[in-house]
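S.K.: Take a look at the following structure, please.
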There are 4 protein chains.
Amino acid sequence: MSASGSSRAAATASDERLLRVGVAGYGYWGPNLARNAAQNIRIELVTIADLHPARLSAARRAYPAARLTADVHELLADPTIDAVFIATPPDTHCALVLEALGRGKHVLVEKPLATDVGDAERMVAAARAAGRILAVDHTYLFTSAVQKMKQYFDSGEMGDVYYYDSTRINLGIFQSNINVIWDLAPHDISMMLYLLDRPVETVSALGARHIDLEHENIAYMTLKLAGGALAHFHMNWLAPTKIRRTIIGASRKMLVYDDIEPVEKLKVYDCGAQLITDVEDLYGRLVEYRTGDVLAPRLDNTEALAVEVEHFVDVVGGRAEAISDGALGARVVRIIEAAQRSLGNGGVPERVPQ
Amino acid sequence: MSASGSSRAAATASDERLLRVGVAGYGYWGPNLARNAAQNIRIELVTIADLHPARLSAARRAYPAARLTADVHELLADPTIDAVFIATPPDTHCALVLEALGRGKHVLVEKPLATDVGDAERMVAAARAAGRILAVDHTYLFTSAVQKMKQYFDSGEMGDVYYYDSTRINLGIFQSNINVIWDLAPHDISMMLYLLDRPVETVSALGARHIDLEHENIAYMTLKLAGGALAHFHMNWLAPTKIRRTIIGASRKMLVYDDIEPVEKLKVYDCGAQLITDVEDLYGRLVEYRTGDVLAPRLDNTEALAVEVEHFVDVVGGRAEAISDGALGARVVRIIEAAQRSLGNGGVPERVPQ
Amino acid sequence: MSASGSSRAAATASDERLLRVGVAGYGYWGPNLARNAAQNIRIELVTIADLHPARLSAARRAYPAARLTADVHELLADPTIDAVFIATPPDTHCALVLEALGRGKHVLVEKPLATDVGDAERMVAAARAAGRILAVDHTYLFTSAVQKMKQYFDSGEMGDVYYYDSTRINLGIFQSNINVIWDLAPHDISMMLYLLDRPVETVSALGARHIDLEHENIAYMTLKLAGGALAHFHMNWLAPTKIRRTIIGASRKMLVYDDIEPVEKLKVYDCGAQLITDVEDLYGRLVEYRTGDVLAPRLDNTEALAVEVEHFVDVVGGRAEAISDGALGARVVRIIEAAQRSLGNGGVPERVPQ
Amino acid sequence: MSASGSSRAAATASDERLLRVGVAGYGYWGPNLARNAAQNIRIELVTIADLHPARLSAARRAYPAARLTADVHELLADPTIDAVFIATPPDTHCALVLEALGRGKHVLVEKPLATDVGDAERMVAAARAAGRILAVDHTYLFTSAVQKMKQYFDSGEMGDVYYYDSTRINLGIFQSNINVIWDLAPHDISMMLYLLDRPVETVSALGARHIDLEHENIAYMTLKLAGGALAHFHMNWLAPTKIRRTIIGASRKMLVYDDIEPVEKLKVYDCGAQLITDVEDLYGRLVEYRTGDVLAPRLDNTEALAVEVEHFVDVVGGRAEAISDGALGARVVRIIEAAQRSLGNGGVPERVPQ
């Protein structure tokens, strides 16, 4: 299942009604959701809700035609709104999503879906019961690089997967009410689940707190995947240099996805291993593993969030199946919750419930 | 204690006798030891020993004046030899080092010092009893970059250390009688111990085997250090791209040492954190951590092994204290042994005996 | 004279009247001028003019409060407008600027100021006669990197300047009514004149046309500067890779400004040369020129155009002297015109009139 | 004609006599020639000549079995020597090469072949008359990257060639008896002639002298090639950063060869241009030129000089035609001589005699 089969052509048919969307939360990420809603020709941006007057003023300057409210319930109660994009703090997601679904609206909610698995499962069940779409905004899945990687996996060209190694480190202002895992891991776990598509057996995590003594600002998380592959995530808010790189090792191809690179973000390495037994050598067997040509496939520059919003309209319209649905969001939360338990017990691996 | 205070000037005084050196093992690393012995004007390269006729032929072409032997015991029995450079497989180190020390010779031995802690401790005790130098060839300690980093730590400019993060990954031929930790970790653990100079409390390690089913080709190792800092090591023989990078985070400076960079291998970041409490913000407190100027200090290009061999001559001559002695080598082995135990029990952290 | 001494604090004093600005031309660059006018708290964006209905619609969505017109003369005739930002095609600049100045308006005009020196000089004279500001939008001068370089030159730390070497190459859609020199050289010549501040004696230029047979898509331009330094510019629209790099060599410092680098855009090299005469050597004298530490100074991330617009308001208010005035714009045109002559005569150097 | 079809297999046949080689000049480059001669199993390194006692001592330590002499004529007079590798200063080449050819020896001579065209032509004629091989050591032609580029040109995949752009800049000790063009341009001109294989019509060059007042330390050289392509060379001994990069633009592929890159030295860009005429647009016609996938082909790591020496043995044995013969060396000298004239007349283009 990929995001590339967009039905944009069909969608512009004159008989399609515009999807009426409300945006709840206009802080850090909400403006991006609002902008992509406004720019999508199949969407009408109807209402923006936020508690802060300053943010509502900013919304007014940007979208003079949109209705504005400090009361999110007013937005959710509006019967003319078809779908809500929710970008409020994570611990408010569950109540808002349940309310929106209860009022028959489709939902696109910011990652992480929830701050505990119980909430996540309640939302998934409610969406199913209501027959409404619950999508989680794991934006990276909609980048051209991840879509291209997905093609390599789906085509079988990768061979056996050996490992998935992710580094996401940076320096900057960070929130102090969650730790670095809850902040950064949803990006990388959602990508890993989407690409590798296999169960996670155990998680171990170690971290440290240096500035804020309640929340980890650096953490390492290691996952054992069904079938023997390893996945590892380095997350760090206090790094002097910005790295966003994923290395995926497999038997026939290896991928390096470097999101900091301005152009060649994805590199595909041809490779192959062989065992050499050298009887003359004290060291006995030798393994030779070598790469051949390296390909940097041409990537599209479309903003990932624009692709995602277009895909959401398709999903709501029954033209596509959701790539990043509530079930994926719940799996991400389940893994992070297990990581949090491992963090609490000093790094002992924890089983991830399926 | 640094390698920079070389007594090269004093050493060239006419009254200093040349140090007579034998090299045991002329496989992968031995030729580098022999070459640096031969090029050092205070050393006379006397004998080279290796079991393989082809290697002895290569040694003959390179050092026609040296004595050659297939019998290492003949080398160790030679009363005219002052010091032995040992580059044989790790599991042969203990017997050869004990024999060399027993015959009154100083020793520079390849890393890892031993394949178990008992052996390592026996060698350290034997060196002390014999009053001879036991140095371990942790070559990286003698690079200009590590020496410069050491100055930053010794001067107190770093502030509180937060973390030590190391990535050493590559693709290539690898030996199959040890795993990737025993092969690569001695480099990074010795650097970490030298620079941070504090006890290691626990080690956890997770790895996977993909080609050779007996030995891990990828491993992640996380150490908790006394005082709360975290050290993490990513080691991988099956990576499509070569990375050798260490990031050290501390409260006043951060360092990035990238050994692949042709010139600016070391970067020093000025930094500082502050807690911002924004009462207006839903998210509550914010932490801002920012860097200022970045400095790439000028580094010397002298080959690290040449500096190390020069330092060894100084240590033998009583002019310097060993930077990389048997005690450091034993600490490295102790940590790797604990990592191996953690690997065996699925990643549960193991205490490191002091 | 630098852009850093902004009087923003003073400027926000309640007694300052907002500068009423009109934007003429809403094609490629006009939207950036309009956005920065709208975001500047000392400016009121009054009117936007463009010939194309589609562009006016885009302007209406973005600035619903602004007046819109397809007739630029209506904008220029509006007595309530204090200043005009002109981003129409280069060959329309002269007429529009003269009309604006004639109606007593200050002008910020897109680069190049004009397509021939006569026009450029007419505009400079008209501005002087009218007692109005004529500023040319050489945006790069207002980047944090160029301002920092200017400090190095102004402080005397650079020593004697040896050369200025610029590469600006890329691949993409390009206009076909001018050649690559007229398109790209204004950026780099304005920077060079601002930083080095010395007369240009001769220009030679060679280029080639490969796609559009009327206009060069690649060109090399070499300038001899008073005092012996050389300046060289490589401009190319058909390069497979994007490079925007300036290297400035001088006797005490060297600078590398790489605008593609995401963070360390500017690097400052300490350096020094010495002549070594080795009588033993067949080759006679040797010159050793070496660099020491490399510093990447912390740069501000403020958008250059925002700094420039702020500076323009200061200049209009008499609080600063224009960094990029009509005289600088005319010098740029004079050099390009000479380059064009050299291009026409096969690369023979042409004198640049002062 | 490529270097890849080595007849190494055939060559090791037991009936082939070893080629007996002498090396004249053991300064900067001679040791590399000697080492590659010594390592080639089809060559016997017989004699090394140098005027300096210190260099002869170094040669003795490295090659104890070789004959050593301070008198190059003794080497050239030795009837048992088949071929001479000459690495003496450029102004000595002509006399030594003529003497060697006169005594029936094959010659591999350091670049530049000569310091004037008359000498170069005399050597070429003498080699032809003597029926002996005259090869010029343009080492870069034998790198895996240049050989791979040559395949792209030979296969016709490149399309029409637009430009050849070379940057070779660095900082370091430099000789003071020649300028930067004579030192560096032979590398890049020989590559350009080998790859593009078309006549050079004119050359213009501009340079400057900053340290040594007799010889240029920076120079720019632009060549017009038959058929309309442009070739440009930036050579600089006083650059703070090391760049060795060639960009070749053509209609169907573009190549970037970056010799500083540790692994992906060569990148191949698919590309294509089209002219878009947009009647709506003020700017009239637009040209869109875009690249597709980028390929970094796998390159061999064999030392270029080893490939070259192997090729030389093949050429002497009649098994291959010389890639870098005297004629190529003479063309390089002819172009540099014309550049030198242009440098002397202030950059006016000079015709290159064919």
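Letters for chains follow the order of the structure tokens (A, B, ...), residue numbers begin at 1 for each chain, and ligand numbers begin at 1 in the order shown.
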Using only C-alpha atoms, find which residues of chain C lie within 9 Å of chain A and jot them down as a PyMOL selection string.

M.R.: chain C and resi 61-64+241+260-263

S.K.: Pick out the residues sitting within 10 Å of Thr139 of chain D, and hand them over as a list in words; count only C-alpha atoms, and ignore anything fewer than 5 positions along from it in its own chain.

M.R.: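 Surrounding residues, per the criterion: Glu110, Lys111, His187, Ser190, Met191, Glu303, Ala304, Leu305, Ala306, Val307, Glu308, Val309 and Ser324 of chain D.
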
S.K.: Okay, now the selection with N, CA and C atoms, as a compact mmCIF listing (two decimals), in the first residue's frame?

M.R.:
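Output below, filename part.txt:
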# COMPACT_ATOMS: atom_id res chain seq x y z
N GLU D 110 58.23 11.64 -16.34
CA GLU D 110 57.34 12.44 -15.49
C GLU D 110 56.68 13.57 -16.28
N LYS D 111 55.48 14.00 -15.87
CA LYS D 111 54.83 15.16 -16.50
C LYS D 111 55.37 16.42 -15.86
N HIS D 187 47.97 17.60 -15.24
CA HIS D 187 46.99 16.60 -14.77
C HIS D 187 45.67 16.78 -15.52
N SER D 190 45.64 16.72 -19.57
CA SER D 190 45.77 15.37 -20.13
C SER D 190 44.45 14.61 -19.97
N MET D 191 43.77 14.76 -18.83
CA MET D 191 42.47 14.11 -18.65
C MET D 191 41.47 14.62 -19.66
N GLU D 303 45.94 1.17 -7.08
CA GLU D 303 46.70 2.41 -7.24
C GLU D 303 46.89 2.70 -8.73
N ALA D 304 46.59 3.94 -9.11
CA ALA D 304 46.66 4.30 -10.53
C ALA D 304 48.05 4.05 -11.11
N LEU D 305 49.07 4.34 -10.33
CA LEU D 305 50.42 4.20 -10.85
C LEU D 305 50.77 2.73 -11.09
N ALA D 306 50.19 1.84 -10.30
CA ALA D 306 50.40 0.41 -10.53
C ALA D 306 49.77 -0.01 -11.86
N VAL D 307 48.55 0.51 -12.11
CA VAL D 307 47.89 0.22 -13.39
C VAL D 307 48.72 0.77 -14.55
N GLU D 308 49.26 1.96 -14.35
CA GLU D 308 50.03 2.61 -15.40
C GLU D 308 51.32 1.83 -15.70
N VAL D 309 52.00 1.38 -14.66
CA VAL D 309 53.25 0.65 -14.86
C VAL D 309 52.95 -0.69 -15.55
N SER D 324 48.97 7.15 -22.92
CA SER D 324 49.58 8.44 -22.62
C SER D 324 50.96 8.49 -23.25

S.K.: Write down as a list in words the residues belonging to segment 254-347 of chain A that are assigned strand (DSSP E) by DSSP computed on the backbone.

M.R.: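 Answer for segment 254-347 of chain A, restricted to strand (DSSP E): Met254, Leu255, Val256, Tyr257, Asp258, Leu266, Lys267, Val268, Tyr269, Asp270, Cys271, Gly272, Ala273, Gln274, Leu275, Ile276, Thr277, Arg285, Leu286, Val287, Glu288, Tyr289, Arg290, Thr291, Gly292, Asp293, Val294, Leu295 and Ala296 of chain A.
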
S.K.: Set the distance at 8 Å and use only C-alpha atoms: which residues neighbour Val97 of chain C once local chain neighbours fewer than 2 positions away are removed? I'd like the list as a PyMOL selection string.

M.R.: chain C and resi 86+93-95+99-101+107+109+123

S.K.: Tell me which protein, DNA and RNA residues are within 10 Å of Asp71 of chain A, counting only C-alpha atoms, leaving out same-chain ones fewer than 6 positions away, and put them as a PyMOL selection string.

M.R.: chain A and resi 24+48-51

S.K.: When distances are computed from only C-alpha atoms, which of B:Leu193, B:Ala59, B:Ala54, B:Leu206 shows the smallest separation from Lys224 of chain A?

M.R.: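 Closest residue, counting only C-alpha atoms: B:Leu206.
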
S.K.: Name the residues in contact with Val146 of chain A at a cut-off of 10 Å, using only C-alpha atoms, excluding same-chain residues fewer than 2 positions from it; report them as a VMD selection string.

M.R.: chain A and resid 2 to 3 140 to 144 148 to 152 191 to 192 194 to 195 257 266 299 304

S.K.: Could you jot down the atom CA of Val315 of chain C to atom CA of Ile133 of chain C separation for me, Å, one decimal place?

M.R.: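 We find that atom CA of Val315 of chain C and atom CA of Ile133 of chain C lie 7.6 Å from each other.
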
S.K.: Would you please work out which residue, of D:His210, D:Arg351, D:Arg252, D:Arg290, is nearest to Pro240 of chain C when using only C-alpha atoms?

M.R.: D:Arg290

S.K.: If we count only C-alpha atoms, what is near Leu108 of chain B at a cut-off of 7 Å, once residues fewer than 4 positions away on the same chain are taken out, given as an NGL selection string?

M.R.: :B and (84-86 or 134-137)

S.K.: Take the residues that were just selected and, keeping N, CA and C atoms, output them as a PDB file, in the first residue's frame.

M.R.:
ATOM      1  N   VAL B  84      59.644  -6.387  22.966  1.00  0.00           N
ATOM      2  CA  VAL B  84      58.939  -7.150  21.933  1.00  0.00           C
ATOM      3  C   VAL B  84      57.627  -6.455  21.600  1.00  0.00           C
ATOM      4  N   PHE B  85      57.368  -6.329  20.313  1.00  0.00           N
ATOM      5  CA  PHE B  85      56.070  -5.828  19.832  1.00  0.00           C
ATOM      6  C   PHE B  85      55.286  -7.047  19.366  1.00  0.00           C
ATOM      7  N   ILE B  86      54.163  -7.326  19.999  1.00  0.00           N
ATOM      8  CA  ILE B  86      53.434  -8.570  19.743  1.00  0.00           C
ATOM      9  C   ILE B  86      52.150  -8.289  18.972  1.00  0.00           C
ATOM     10  N   LEU B 134      54.516  -2.966  30.351  1.00  0.00           N
ATOM     11  CA  LEU B 134      53.529  -3.665  29.535  1.00  0.00           C
ATOM     12  C   LEU B 134      52.610  -2.591  28.948  1.00  0.00           C
ATOM     13  N   ALA B 135      52.745  -2.347  27.659  1.00  0.00           N
ATOM     14  CA  ALA B 135      51.915  -1.336  27.002  1.00  0.00           C
ATOM     15  C   ALA B 135      50.985  -2.034  26.020  1.00  0.00           C
ATOM     16  N   VAL B 136      49.773  -1.484  25.878  1.00  0.00           N
ATOM     17  CA  VAL B 136      48.807  -2.069  24.950  1.00  0.00           C
ATOM     18  C   VAL B 136      48.615  -1.087  23.794  1.00  0.00           C
ATOM     19  N   ASP B 137      48.631  -1.641  22.599  1.00  0.00           N
ATOM     20  CA  ASP B 137      48.579  -0.793  21.409  1.00  0.00           C
ATOM     21  C   ASP B 137      47.136  -0.352  21.095  1.00  0.00           C
TER      22      ASP B 137
END

S.K.: Which one of A:Ala239, A:Val46, A:Val124, A:Ile218 sits closest to Ile181 of chain A if you count only C-alpha atoms?

M.R.: A:Ile218

S.K.: Excluding His232 of chain C and residues on its chain fewer than 2 positions from it, collect all residues at most 10 Å away from it, counting only C-alpha atoms, and give them as a list in words.

M.R.: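 What passes the distance filter is Tyr163, Tyr164, Asp165, Ser166, Thr167, Asp188, Ile189, Val203, Ser204, Ala205, Tyr220, Met221, Thr222, Leu223, Lys224, Leu230, His234, Met235, Thr246 and Ile247 of chain C; Leu206, Ala219, Tyr220 and His234 of chain D.
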
S.K.: Determine which residues of segment 68-196 of chain B DSSP labels as alpha helix (DSSP H) from the backbone of this structure, then write them out as number ranges by chain.

M.R.: B: 72-77, 93-102, 117-130, 144-154, 180-196

S.K.: Atom CA of Leu343 of chain B and atom CA of Ala250 of chain A are how many Å apart?

M.R.: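 A separation of 21.7 Å between them.
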